[in-house]
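Undergrad: For reference, this is model27.tsv, and it has TSV, C-alpha atoms.
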```
chain	number	residue	atom	x	y	z
A	254	MET	CA	-60.43	50.23	-7.76
A	255	LYS	CA	-58.66	47.33	-9.40
A	256	LYS	CA	-60.01	46.24	-12.77
A	257	PRO	CA	-59.43	42.70	-14.05
A	258	ILE	CA	-57.90	42.02	-17.45
A	259	MET	CA	-59.50	38.86	-18.75
A	260	LEU	CA	-58.14	36.84	-21.62
A	261	VAL	CA	-60.92	34.41	-22.45
A	262	VAL	CA	-60.40	32.76	-25.82
A	263	PHE	CA	-63.08	30.52	-27.29
A	264	VAL	CA	-62.78	30.00	-31.01
A	265	ALA	CA	-65.87	27.84	-30.96
A	266	ILE	CA	-67.64	24.95	-29.31
A	267	ALA	CA	-67.69	22.00	-31.70
A	268	ILE	CA	-69.74	19.01	-30.59
A	269	SER	CA	-70.50	15.97	-32.73
A	270	ALA	CA	-70.59	13.06	-30.29
A	271	LEU	CA	-74.32	13.07	-29.53
A	272	SER	CA	-76.83	11.33	-31.79
A	273	GLN	CA	-79.77	13.70	-31.16
A	274	ASN	CA	-80.07	17.46	-31.54
A	275	VAL	CA	-78.19	19.43	-28.90
A	276	ILE	CA	-80.66	21.67	-27.09
A	277	LYS	CA	-78.68	23.32	-24.29
A	278	GLY	CA	-75.28	23.59	-22.66
A	279	GLU	CA	-73.66	24.57	-19.41
A	280	TYR	CA	-70.27	25.82	-18.21
A	281	PHE	CA	-68.43	26.17	-14.91
A	282	ILE	CA	-65.17	27.67	-13.70
A	283	ASP	CA	-62.53	25.49	-11.98
A	284	SER	CA	-64.89	23.39	-9.81
A	285	ASP	CA	-67.66	21.13	-11.17
A	286	PRO	CA	-70.97	21.63	-9.31
A	287	GLY	CA	-72.38	18.47	-10.92
A	288	ILE	CA	-74.13	17.74	-14.20
A	289	GLY	CA	-77.12	20.01	-14.67
A	290	ASN	CA	-76.06	22.38	-11.89
A	291	ALA	CA	-73.65	24.65	-13.79
A	292	THR	CA	-74.42	27.90	-15.63
A	293	ASP	CA	-76.74	27.33	-18.60
A	294	PHE	CA	-76.21	28.72	-22.10
A	295	THR	CA	-78.55	28.50	-25.07
A	296	ILE	CA	-77.86	26.70	-28.34
A	297	GLN	CA	-78.39	29.07	-31.27
A	298	VAL	CA	-79.29	26.38	-33.81
A	299	PRO	CA	-80.15	22.96	-32.26
A	300	ASP	CA	-78.36	20.21	-34.19
A	301	SER	CA	-76.45	16.97	-33.60
A	302	ASP	CA	-73.25	18.52	-35.01
A	303	PHE	CA	-72.71	22.22	-34.50
A	304	THR	CA	-70.22	25.00	-33.85
A	305	GLN	CA	-71.03	27.90	-31.58
A	306	THR	CA	-69.06	30.73	-30.01
A	307	LEU	CA	-69.62	31.22	-26.29
A	308	ASN	CA	-68.90	34.46	-24.43
A	309	ILE	CA	-68.57	34.22	-20.63
A	310	PRO	CA	-68.98	37.34	-18.43
A	311	TYR	CA	-65.82	38.55	-16.75
A	312	SER	CA	-67.66	38.73	-13.43
A	313	VAL	CA	-67.69	34.93	-13.02
A	314	PHE	CA	-63.91	34.89	-12.52
A	315	LYS	CA	-63.38	35.49	-8.82
A	316	ALA	CA	-59.60	35.96	-8.69
A	317	ALA	CA	-56.59	36.88	-10.79
A	318	GLY	CA	-54.54	34.11	-12.42
A	319	TYR	CA	-55.23	31.06	-14.56
A	320	HIS	CA	-58.65	29.42	-14.55
A	321	ASN	CA	-60.04	26.27	-16.14
A	322	VAL	CA	-63.30	26.87	-18.00
A	323	PHE	CA	-65.31	23.68	-18.55
A	324	MET	CA	-68.39	23.15	-20.72
A	325	ARG	CA	-70.72	20.38	-21.86
A	326	VAL	CA	-73.95	20.07	-23.83
A	327	GLN	CA	-77.17	18.04	-23.57
A	328	ASP	CA	-79.19	16.46	-26.39
A	329	SER	CA	-82.96	16.14	-26.76
A	330	ASN	CA	-82.90	12.71	-25.08
A	331	GLY	CA	-81.29	14.14	-21.96
A	332	ASN	CA	-77.79	12.73	-22.67
A	333	TRP	CA	-74.79	14.88	-21.76
A	334	SER	CA	-71.58	15.11	-23.81
A	335	HIS	CA	-68.09	14.75	-22.36
A	336	THR	CA	-66.86	17.86	-20.57
A	337	SER	CA	-64.37	19.95	-22.54
A	338	ARG	CA	-61.80	22.34	-21.05
A	339	ASN	CA	-60.47	25.76	-22.05
A	340	LEU	CA	-57.89	27.91	-20.31
A	341	ALA	CA	-58.58	31.51	-19.23
A	342	GLU	CA	-56.38	34.00	-17.41
A	343	SER	CA	-57.08	37.17	-15.47
A	344	GLU	CA	-54.73	39.82	-14.13
A	345	GLU	CA	-55.57	42.59	-11.71
A	346	ASN	CA	-54.07	45.98	-12.54
A	347	PRO	CA	-54.96	49.21	-10.66
A	348	ASP	CA	-54.46	51.43	-13.73
A	349	MET	CA	-55.96	49.30	-16.47
A	350	GLY	CA	-56.96	51.37	-19.50
A	351	GLU	CA	-58.33	50.63	-22.94
A	352	ILE	CA	-57.11	47.52	-24.78
A	353	ILE	CA	-55.58	48.32	-28.19
A	354	LYS	CA	-53.51	45.31	-29.27
A	355	VAL	CA	-53.42	41.49	-29.14
A	356	GLU	CA	-49.99	39.85	-29.46
A	357	TYR	CA	-49.60	36.13	-30.21
A	358	PHE	CA	-46.87	33.58	-30.82
A	359	PHE	CA	-46.40	29.83	-31.34
A	360	ASN	CA	-44.03	27.99	-28.99
A	361	LYS	CA	-41.22	30.60	-28.91
A	362	ASP	CA	-41.74	33.97	-27.23
A	363	ASN	CA	-39.65	36.68	-28.91
A	364	GLY	CA	-40.24	39.00	-26.00
A	365	VAL	CA	-43.07	41.31	-24.97
A	366	GLY	CA	-44.00	43.51	-27.93
A	367	ASN	CA	-41.81	41.61	-30.40
A	368	ASN	CA	-44.26	38.98	-31.66
A	369	SER	CA	-46.98	39.08	-34.32
A	370	PHE	CA	-49.88	41.28	-33.29
A	371	VAL	CA	-53.38	42.38	-34.24
A	372	LEU	CA	-54.68	45.93	-33.69
A	373	ILE	CA	-58.22	45.93	-32.31
A	374	ASP	CA	-61.03	48.40	-31.71
A	375	VAL	CA	-60.26	50.34	-28.54
A	376	SER	CA	-62.14	48.91	-25.58
A	377	SER	CA	-61.55	48.17	-21.89
A	378	ASP	CA	-64.02	45.29	-21.65
A	379	LYS	CA	-64.66	43.18	-24.72
A	380	THR	CA	-64.31	39.81	-26.44
A	381	TRP	CA	-62.35	39.77	-29.70
A	382	ASN	CA	-62.18	37.44	-32.67
A	383	PHE	CA	-59.14	37.71	-34.92
A	384	ASN	CA	-57.58	35.68	-37.73
A	385	ILE	CA	-54.07	34.19	-37.72
A	386	PRO	CA	-52.60	33.60	-41.21
A	387	PHE	CA	-52.04	29.91	-41.91
A	388	GLU	CA	-48.45	30.46	-43.00
A	389	GLN	CA	-47.71	31.31	-39.36
A	390	LEU	CA	-48.93	27.92	-38.08
A	391	PRO	CA	-46.37	25.21	-37.28
A	392	THR	CA	-45.97	22.79	-40.19
A	393	GLU	CA	-47.47	20.08	-37.98
A	394	TRP	CA	-49.29	20.89	-34.77
A	395	LYS	CA	-48.04	18.50	-32.07
A	396	ALA	CA	-49.33	17.74	-28.60
A	397	ASN	CA	-46.62	19.88	-26.95
A	398	ASP	CA	-47.06	22.90	-29.25
A	399	THR	CA	-48.70	25.99	-27.75
A	400	LEU	CA	-50.35	29.16	-28.97
A	401	SER	CA	-49.96	32.07	-26.55
A	402	ILE	CA	-51.54	35.53	-26.51
A	403	ARG	CA	-51.47	38.71	-24.42
A	404	VAL	CA	-53.08	42.13	-24.73
A	405	GLN	CA	-51.80	45.70	-24.35
A	406	GLN	CA	-53.59	48.73	-22.93
A	407	GLY	CA	-53.43	52.10	-24.64
A	408	SER	CA	-52.84	54.65	-21.87
A	409	ASN	CA	-49.50	53.42	-20.50
A	410	HIS	CA	-48.82	50.42	-22.80
A	411	ILE	CA	-48.85	47.85	-19.99
A	412	TRP	CA	-49.11	44.22	-21.16
A	413	SER	CA	-51.27	41.56	-19.54
A	414	LEU	CA	-50.02	38.17	-18.43
A	415	THR	CA	-49.67	35.60	-21.22
A	416	ALA	CA	-52.56	33.17	-21.83
A	417	LEU	CA	-51.91	29.69	-23.22
A	418	ILE	CA	-54.36	28.23	-25.74
A	419	ASP	CA	-54.16	24.44	-25.52
A	420	SER	CA	-57.32	23.15	-27.22
A	421	LEU	CA	-56.15	22.97	-30.84
A	422	ASN	CA	-54.84	19.83	-32.50
A	423	LEU	CA	-54.04	20.49	-36.15
A	424	ILE	CA	-51.97	18.32	-38.49
A	425	MET	CA	-51.10	19.73	-41.91
A	426	VAL	CA	-50.88	16.97	-44.53
A	427	GLY	CA	-50.62	16.59	-48.29
A	428	ILE	CA	-53.89	16.38	-50.16
A	429	ASN	CA	-53.21	12.73	-51.08
A	430	ASP	CA	-52.80	11.88	-47.39
A	431	LEU	CA	-56.46	12.72	-46.82
A	432	GLU	CA	-57.23	9.35	-48.42
A	433	GLU	CA	-56.58	7.93	-44.93
A	434	LEU	CA	-59.73	9.76	-43.82
A	435	GLY	CA	-61.64	8.31	-46.74
A	436	LEU	CA	-61.67	11.71	-48.42
A	437	SER	CA	-60.90	12.54	-52.04
A	438	ILE	CA	-60.46	16.19	-53.09
A	439	TYR	CA	-59.74	17.09	-56.71
A	440	PRO	CA	-58.50	18.70	-58.85
A	441	ASN	CA	-55.58	20.48	-57.21
A	442	PRO	CA	-54.83	23.04	-58.57
A	443	PHE	CA	-58.53	23.83	-59.16
A	444	SER	CA	-60.30	26.35	-61.37
A	445	ASP	CA	-64.11	26.62	-61.24
A	446	GLU	CA	-65.01	23.61	-59.08
A	447	ILE	CA	-63.65	21.53	-56.22
A	448	HIS	CA	-64.95	17.95	-56.10
A	449	VAL	CA	-65.18	16.26	-52.70
A	450	THR	CA	-65.98	12.56	-52.26
A	451	VAL	CA	-66.27	10.68	-48.95
A	452	LYS	CA	-65.41	7.02	-49.49
A	453	ASN	CA	-66.90	5.57	-46.31
A	454	GLU	CA	-69.86	6.21	-44.01
A	455	GLU	CA	-68.07	8.85	-41.97
A	456	ASN	CA	-69.52	12.35	-41.76
A	457	LEU	CA	-66.84	14.97	-42.36
A	458	ARG	CA	-66.93	18.69	-41.78
A	459	LEU	CA	-64.98	20.86	-44.23
A	460	ILE	CA	-63.90	24.45	-43.61
A	461	LEU	CA	-62.18	26.38	-46.40
A	462	TYR	CA	-60.04	29.41	-45.49
A	463	ASP	CA	-58.23	31.97	-47.60
A	464	ASN	CA	-54.55	32.73	-46.95
A	465	VAL	CA	-55.30	35.26	-44.18
A	466	GLY	CA	-57.62	32.96	-42.23
A	467	LYS	CA	-61.02	34.17	-43.46
A	468	ILE	CA	-63.66	31.42	-43.67
A	469	ILE	CA	-64.85	30.91	-47.26
A	470	LEU	CA	-66.92	27.75	-46.76
A	471	ASP	CA	-68.13	25.63	-43.83
A	472	LYS	CA	-70.20	22.52	-44.58
A	473	HIS	CA	-70.75	18.84	-43.72
A	474	VAL	CA	-70.21	16.13	-46.33
A	475	GLU	CA	-71.55	12.56	-46.08
A	476	LYS	CA	-71.03	11.24	-49.62
A	477	SER	CA	-70.00	13.83	-52.18
A	478	THR	CA	-70.30	17.50	-53.03
A	479	ILE	CA	-69.09	20.02	-55.57
A	480	ILE	CA	-67.83	23.37	-54.31
A	481	ASN	CA	-68.41	26.27	-56.70
A	482	ALA	CA	-65.05	28.08	-56.86
A	483	GLN	CA	-65.76	30.46	-59.75
A	484	ASN	CA	-65.78	33.54	-57.53
A	485	LEU	CA	-62.59	32.65	-55.66
A	486	THR	CA	-59.55	34.71	-56.56
A	487	ALA	CA	-56.23	33.12	-57.50
A	488	GLY	CA	-54.14	32.07	-54.51
A	489	VAL	CA	-53.46	29.42	-51.87
A	490	TYR	CA	-56.37	28.17	-49.74
A	491	VAL	CA	-56.38	25.94	-46.67
A	492	LEU	CA	-58.98	23.19	-46.26
A	493	ILE	CA	-59.53	21.98	-42.70
A	494	VAL	CA	-61.15	18.57	-42.17
A	495	TYR	CA	-62.88	17.44	-38.98
A	496	SER	CA	-63.49	13.71	-38.71
A	497	ASN	CA	-65.81	11.88	-36.32
A	498	THR	CA	-62.76	11.08	-34.20
A	499	GLU	CA	-62.47	14.85	-33.62
A	500	LYS	CA	-58.99	14.82	-35.16
A	501	LEU	CA	-58.24	17.90	-37.19
A	502	TYR	CA	-56.37	17.88	-40.51
A	503	GLY	CA	-55.44	20.68	-42.84
A	504	THR	CA	-54.24	20.70	-46.44
A	505	LYS	CA	-53.41	23.41	-48.97
A	506	ILE	CA	-55.19	23.73	-52.32
A	507	ILE	CA	-54.36	26.22	-55.06
A	508	LYS	CA	-56.25	28.27	-57.62
A	509	PRO	CA	-53.79	29.45	-60.33
```
Can you turn what I pasted into structure tokens?
TA:
Amino acid sequence: MKKPIMLVVFVAIAISALSQNVIKGEYFIDSDPGIGNATDFTIQVPDSDFTQTLNIPYSVFKAAGYHNVFMRVQDSNGNWSHTSRNLAESEENPDMGEIIKVEYFFNKDNGVGNNSFVLIDVSSDKTWNFNIPFEQLPTEWKANDTLSIRVQQGSNHIWSLTALIDSLNLIMVGINDLEELGLSIYPNPFSDEIHVTVKNEENLRLILYDNVGKIILDKHVEKSTIINAQNLTAGVYVLIVYSNTEKLYGTKIIKP
């Protein structure tokens, strides 16, 4: 019996466009059945600005190949958000075994098995989260840049088709350039504290990563905050900034 290999990659669902708390969501594959008629999913922590990972059963994909996965959320007043899109891919293989490795690359494919990879817990049917070091990101993420991944099985080392991840828009900037977002971050380099000041009425979300992509901090800032950095080890950190325009910026900060 043929077993599908599914590459379904959702880093998170990030919604901030609705004014009231988001209470539920729905998703559909390829064809929209109409608002309110798709497959429901629950919101773990109802809020007006949230991030949530969504896992979709493999069984909903009816055929091998690329599929568009759409999702939207509803607030407590009954308003629906815009519909967002993710790309998923399935491949049918009669001898599919246990998955052991995820390979990924940006823009240029060095050939099957020759790109950066992550070893994973052996499994034939699973969803994986893994970190990509920031030094491997393009200096500036452009509209035509792509992140691609594929997986390898353990028994005969067959690779899946390559899935394209097209939902990320990241621009790496200097810390002084964040002034354009109305954001001041100092000092840099830092020691025990990082001071963050928002100079306008915009609500910003800050995510701080270490140099291997592990999340150190994730919080929303409306006016100002002080981040306690005493327990951080020396090294280079990446601060990602979400603005209300949903544009994503990143900058590097250093602890000597």
Undergrad: I'd like to know which of A:Asp362, A:Ile296, A:Asn274, A:Ala341 is closest to A:Ala316, using all atoms listed in the file.
TA: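 Ranked by minimum distance to A:Ala316, first place goes to A:Ala341.
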Undergrad: Given the choices A:Ile411, A:Ile428, A:Ile506, A:Ser496, which gets closest to A:Phe443 if the distance is worked out from all atoms listed in the file?
TA: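 Closest residue, counting all atoms listed in the file: A:Ile506.
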Undergrad: I'd like to know which of A:Glu351, A:Thr504, A:Ile402, A:Phe323 is closest to A:Ser437, using only C-alpha atoms.
TA: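 When distances to A:Ser437 are compared using only C-alpha atoms, the smallest one comes from A:Thr504.
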Undergrad: Rank nothing, just name the residue among A:Ser329, A:Arg458, A:Arg338, A:Asp445 nearest to A:Ile282, using all atoms listed in the file.
TA: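 Ranked by minimum distance to A:Ile282, first place goes to A:Arg338.
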Undergrad: Suppose you want the space between atom CA of A:His335 and atom CA of A:Val451; what is it in Å?
TA: 27.0 Å
Undergrad: Measuring atom to atom with only C-alpha atoms, identify which of A:Thr486, A:Asn453, A:Thr336, A:Asn321 is nearest to A:Glu433.
TA: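 Closest to A:Glu433 of all the choices is A:Asn453.
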Undergrad: By how many Å are atom CA of A:Tyr462 and atom CA of A:Tyr280 apart?
TA: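 So the answer is 29.4 Å.
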Undergrad: With the input short on atoms, add N, CA and C atoms back to stretch 476-493 of chain A and write it as a PDB file, keeping the file's coordinate frame.
TA:
```pdb
ATOM      1  N   LYS A 476     -71.387  12.063 -48.463  1.00  0.00           N
ATOM      2  CA  LYS A 476     -71.030  11.240 -49.620  1.00  0.00           C
ATOM      3  C   LYS A 476     -70.186  12.014 -50.619  1.00  0.00           C
ATOM      4  N   SER A 477     -70.757  13.045 -51.215  1.00  0.00           N
ATOM      5  CA  SER A 477     -70.000  13.830 -52.180  1.00  0.00           C
ATOM      6  C   SER A 477     -70.627  15.208 -52.318  1.00  0.00           C
ATOM      7  N   THR A 478     -69.818  16.154 -52.782  1.00  0.00           N
ATOM      8  CA  THR A 478     -70.300  17.500 -53.030  1.00  0.00           C
ATOM      9  C   THR A 478     -69.384  18.167 -54.027  1.00  0.00           C
ATOM     10  N   ILE A 479     -69.889  19.202 -54.669  1.00  0.00           N
ATOM     11  CA  ILE A 479     -69.090  20.020 -55.570  1.00  0.00           C
ATOM     12  C   ILE A 479     -69.121  21.447 -55.059  1.00  0.00           C
ATOM     13  N   ILE A 480     -67.946  22.000 -54.806  1.00  0.00           N
ATOM     14  CA  ILE A 480     -67.830  23.370 -54.310  1.00  0.00           C
ATOM     15  C   ILE A 480     -67.639  24.304 -55.485  1.00  0.00           C
ATOM     16  N   ASN A 481     -68.521  25.277 -55.632  1.00  0.00           N
ATOM     17  CA  ASN A 481     -68.410  26.270 -56.700  1.00  0.00           C
ATOM     18  C   ASN A 481     -67.291  27.256 -56.348  1.00  0.00           C
ATOM     19  N   ALA A 482     -66.226  27.258 -57.143  1.00  0.00           N
ATOM     20  CA  ALA A 482     -65.050  28.080 -56.860  1.00  0.00           C
ATOM     21  C   ALA A 482     -64.871  29.194 -57.886  1.00  0.00           C
ATOM     22  N   GLN A 483     -65.889  29.470 -58.693  1.00  0.00           N
ATOM     23  CA  GLN A 483     -65.760  30.460 -59.750  1.00  0.00           C
ATOM     24  C   GLN A 483     -65.420  31.844 -59.213  1.00  0.00           C
ATOM     25  N   ASN A 484     -65.969  32.185 -58.064  1.00  0.00           N
ATOM     26  CA  ASN A 484     -65.780  33.540 -57.530  1.00  0.00           C
ATOM     27  C   ASN A 484     -64.536  33.671 -56.657  1.00  0.00           C
ATOM     28  N   LEU A 485     -63.811  32.585 -56.466  1.00  0.00           N
ATOM     29  CA  LEU A 485     -62.590  32.650 -55.660  1.00  0.00           C
ATOM     30  C   LEU A 485     -61.465  33.251 -56.492  1.00  0.00           C
ATOM     31  N   THR A 486     -60.694  34.130 -55.881  1.00  0.00           N
ATOM     32  CA  THR A 486     -59.550  34.710 -56.560  1.00  0.00           C
ATOM     33  C   THR A 486     -58.379  33.738 -56.558  1.00  0.00           C
ATOM     34  N   ALA A 487     -57.413  33.979 -57.436  1.00  0.00           N
ATOM     35  CA  ALA A 487     -56.230  33.120 -57.500  1.00  0.00           C
ATOM     36  C   ALA A 487     -55.449  33.213 -56.186  1.00  0.00           C
ATOM     37  N   GLY A 488     -54.921  32.069 -55.736  1.00  0.00           N
ATOM     38  CA  GLY A 488     -54.140  32.070 -54.510  1.00  0.00           C
ATOM     39  C   GLY A 488     -54.148  30.708 -53.843  1.00  0.00           C
ATOM     40  N   VAL A 489     -53.549  30.653 -52.655  1.00  0.00           N
ATOM     41  CA  VAL A 489     -53.460  29.420 -51.870  1.00  0.00           C
ATOM     42  C   VAL A 489     -54.563  29.431 -50.811  1.00  0.00           C
ATOM     43  N   TYR A 490     -55.303  28.325 -50.721  1.00  0.00           N
ATOM     44  CA  TYR A 490     -56.370  28.170 -49.740  1.00  0.00           C
ATOM     45  C   TYR A 490     -56.042  26.987 -48.826  1.00  0.00           C
ATOM     46  N   VAL A 491     -56.585  27.028 -47.631  1.00  0.00           N
ATOM     47  CA  VAL A 491     -56.380  25.940 -46.670  1.00  0.00           C
ATOM     48  C   VAL A 491     -57.719  25.284 -46.376  1.00  0.00           C
ATOM     49  N   LEU A 492     -57.775  23.973 -46.548  1.00  0.00           N
ATOM     50  CA  LEU A 492     -58.980  23.190 -46.260  1.00  0.00           C
ATOM     51  C   LEU A 492     -58.756  22.417 -44.971  1.00  0.00           C
ATOM     52  N   ILE A 493     -59.610  22.657 -43.985  1.00  0.00           N
ATOM     53  CA  ILE A 493     -59.530  21.980 -42.700  1.00  0.00           C
ATOM     54  C   ILE A 493     -60.607  20.903 -42.652  1.00  0.00           C
TER      55      ILE A 493
END
```
